[in-house]
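Reproduced below: target.pdb, with PDB, C-alpha atoms, pLDDT in the B column.
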```pdb
ATOM      1  CA  PHE A 237      96.417 102.723 106.111  1.00 78.00           C
ATOM      2  CA  ASP A 238     100.028 103.519 107.012  1.00 84.00           C
ATOM      3  CA  SER A 239      99.858 101.288 110.072  1.00 95.00           C
ATOM      4  CA  TYR A 240      98.675  98.414 107.839  1.00 95.00           C
ATOM      5  CA  ARG A 241     101.682  98.917 105.565  1.00 94.00           C
ATOM      6  CA  ALA A 242     104.060  98.984 108.531  1.00 96.00           C
ATOM      7  CA  ARG A 243     102.545  95.800 109.962  1.00 97.00           C
ATOM      8  CA  ARG A 244     102.626  94.111 106.544  1.00 97.00           C
ATOM      9  CA  ALA A 245     106.283  95.098 106.013  1.00 97.00           C
ATOM     10  CA  ALA A 246     107.200  93.737 109.465  1.00 98.00           C
ATOM     11  CA  SER A 247     105.321  90.522 108.682  1.00 97.00           C
ATOM     12  CA  LEU A 248     107.170  90.145 105.361  1.00 97.00           C
ATOM     13  CA  ARG A 249     110.556  90.740 107.023  1.00 97.00           C
ATOM     14  CA  GLN A 250     109.716  88.071 109.604  1.00 98.00           C
ATOM     15  CA  LEU A 251     108.664  85.673 106.827  1.00 97.00           C
ATOM     16  CA  ALA A 252     111.918  86.347 104.949  1.00 97.00           C
ATOM     17  CA  ARG A 253     114.045  85.587 108.021  1.00 97.00           C
ATOM     18  CA  ARG A 254     112.048  82.441 108.765  1.00 97.00           C
ATOM     19  CA  LEU A 255     112.465  81.209 105.186  1.00 97.00           C
ATOM     20  CA  SER A 256     116.208  81.915 105.176  1.00 97.00           C
ATOM     21  CA  ALA A 257     116.564  79.846 108.358  1.00 97.00           C
ATOM     22  CA  GLN A 258     114.525  77.052 106.755  1.00 97.00           C
ATOM     23  CA  VAL A 259     116.718  77.114 103.622  1.00 97.00           C
ATOM     24  CA  ARG A 260     119.838  76.936 105.800  1.00 95.00           C
ATOM     25  CA  ARG A 261     118.484  73.962 107.766  1.00 96.00           C
ATOM     26  CA  SER A 262     117.175  71.967 104.837  1.00 96.00           C
ATOM     27  CA  GLY A 263     119.590  73.070 102.122  1.00 94.00           C
ATOM     28  CA  ARG A 264     116.595  73.220  99.777  1.00 96.00           C
ATOM     29  CA  PRO A 265     115.106  76.366  98.206  1.00 96.00           C
ATOM     30  CA  ALA A 266     111.832  77.810  99.484  1.00 97.00           C
ATOM     31  CA  THR A 267     109.180  79.570  97.417  1.00 95.00           C
ATOM     32  CA  VAL A 268     107.271  82.648  98.538  1.00 93.00           C
ATOM     33  CA  GLN A 269     103.666  83.050  97.375  1.00 92.00           C
ATOM     34  CA  ALA A 270     102.873  85.471  94.560  1.00 94.00           C
ATOM     35  CA  LEU A 271     103.413  88.995  95.899  1.00 93.00           C
ATOM     36  CA  PRO A 272     103.031  92.498  94.474  1.00 92.00           C
ATOM     37  CA  PRO A 273     106.316  94.165  93.428  1.00 92.00           C
ATOM     38  CA  GLU A 274     106.619  96.420  96.497  1.00 94.00           C
ATOM     39  CA  GLU A 275     106.225  93.424  98.819  1.00 94.00           C
ATOM     40  CA  ARG A 276     108.745  91.311  96.866  1.00 95.00           C
ATOM     41  CA  ARG A 277     111.160  94.212  97.205  1.00 96.00           C
ATOM     42  CA  ILE A 278     110.836  94.134 101.007  1.00 97.00           C
ATOM     43  CA  VAL A 279     111.777  90.427 101.031  1.00 96.00           C
ATOM     44  CA  HIS A 280     114.690  90.990  98.619  1.00 96.00           C
ATOM     45  CA  LEU A 281     116.037  93.879 100.707  1.00 97.00           C
ATOM     46  CA  THR A 282     115.632  91.977 103.978  1.00 97.00           C
ATOM     47  CA  LEU A 283     117.750  89.082 102.706  1.00 97.00           C
ATOM     48  CA  GLU A 284     120.233  90.913 100.459  1.00 95.00           C
ATOM     49  CA  ASP A 285     122.969  90.963 103.145  1.00 94.00           C
ATOM     50  CA  GLU A 286     122.085  87.567 104.587  1.00 94.00           C
ATOM     51  CA  PRO A 287     125.216  85.407 104.276  1.00 93.00           C
ATOM     52  CA  GLY A 288     124.789  82.323 102.095  1.00 94.00           C
ATOM     53  CA  ILE A 289     121.246  83.230 100.977  1.00 97.00           C
ATOM     54  CA  GLU A 290     120.028  84.618  97.663  1.00 96.00           C
ATOM     55  CA  THR A 291     116.615  85.620  96.383  1.00 96.00           C
ATOM     56  CA  ARG A 292     115.202  85.915  92.913  1.00 95.00           C
ATOM     57  CA  SER A 293     111.816  86.488  91.349  1.00 94.00           C
ATOM     58  CA  ILE A 294     110.424  83.806  89.054  1.00 94.00           C
ATOM     59  CA  GLY A 295     107.354  83.763  86.829  1.00 92.00           C
ATOM     60  CA  HIS A 296     105.477  86.562  85.110  1.00 91.00           C
ATOM     61  CA  GLY A 297     102.807  89.100  85.908  1.00 86.00           C
ATOM     62  CA  PHE A 298     100.466  88.388  88.800  1.00 85.00           C
ATOM     63  CA  GLU A 299     101.912  84.882  89.173  1.00 89.00           C
ATOM     64  CA  ARG A 300     105.422  86.197  89.930  1.00 92.00           C
ATOM     65  CA  LYS A 301     106.819  84.411  92.995  1.00 94.00           C
ATOM     66  CA  MET A 302     110.109  84.500  94.841  1.00 95.00           C
ATOM     67  CA  LEU A 303     112.684  81.805  95.333  1.00 96.00           C
ATOM     68  CA  VAL A 304     114.870  81.886  98.448  1.00 97.00           C
ATOM     69  CA  SER A 305     117.885  79.603  98.066  1.00 96.00           C
ATOM     70  CA  SER A 306     121.436  78.939  99.172  1.00 95.00           C
ATOM     71  CA  ARG A 307     123.950  81.173  97.447  1.00 88.00           C
ATOM     72  CA  ARG A 308     126.188  79.283  95.073  1.00 75.00           C
ATOM     73  CA  GLY A 309     129.930  79.709  95.096  1.00 52.00           C
TER
END
```
Starting from the coordinates I provided, produce the structure as structure tokens.
Amino acid sequence: FDSYRARRAASLRQLARRLSAQVRRSGRPATVQALPPEERRIVHLTLEDEPGIETRSIGHGFERKMLVSSRRG
């Protein structure tokens, strides 16, 4: 079970980096599928120090998604 979590966390970090690169290239925000809170946290933490990129959760409950976008200002 722990190895699944480690693989899932690595997969989410890779997804976060791929999305940040996509946002940089296109200049348009990207949406991440609905994720449980602990998985959203992994994406937020992966991109928190990424220059020019910001993340935020949107929606409510089980439909809560993440938006990865260019940082304003």
Of the listed residues A:His296, A:Glu286, A:Leu281, A:Leu255, that which approaches Val268 in chain A most closely, counting all atoms listed in the file: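 Result for the nearest residue to Val268 in chain A: A:Leu255.
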For this structure, which residues satisfy the selection - the PyMOL selection byres ((chain A and resi 276-279) around 9) - when it is evaluated on the file as given? I want them as a PyMOL selection string. chain A and resi 245+248-249+251-253+268+270-275+280-284+291+293+301-302
Using CA of Arg261 in chain A and CA of Glu290 in chain A as the two end points, give the distance in Å to one decimal. 14.8 Å
Pairwise distance for CA of Thr267 in chain A and CA of Phe298 in chain A, rounded to one decimal in Å: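 Pair CA of Thr267 in chain A / CA of Phe298 in chain A returns 15.1 Å.
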Selection result of the PyMOL selection byres ((chain A and resi 264) around 12) on this file, as number ranges by chain: A: 255-263, 265-267, 289, 303-307
In Å, rounded to a single decimal, give me how far CA of Gln269 in chain A is from CA of Ser247 in chain A.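 Value for the CA of Ser247 in chain A-CA of Gln269 in chain A distance: 13.7 Å.
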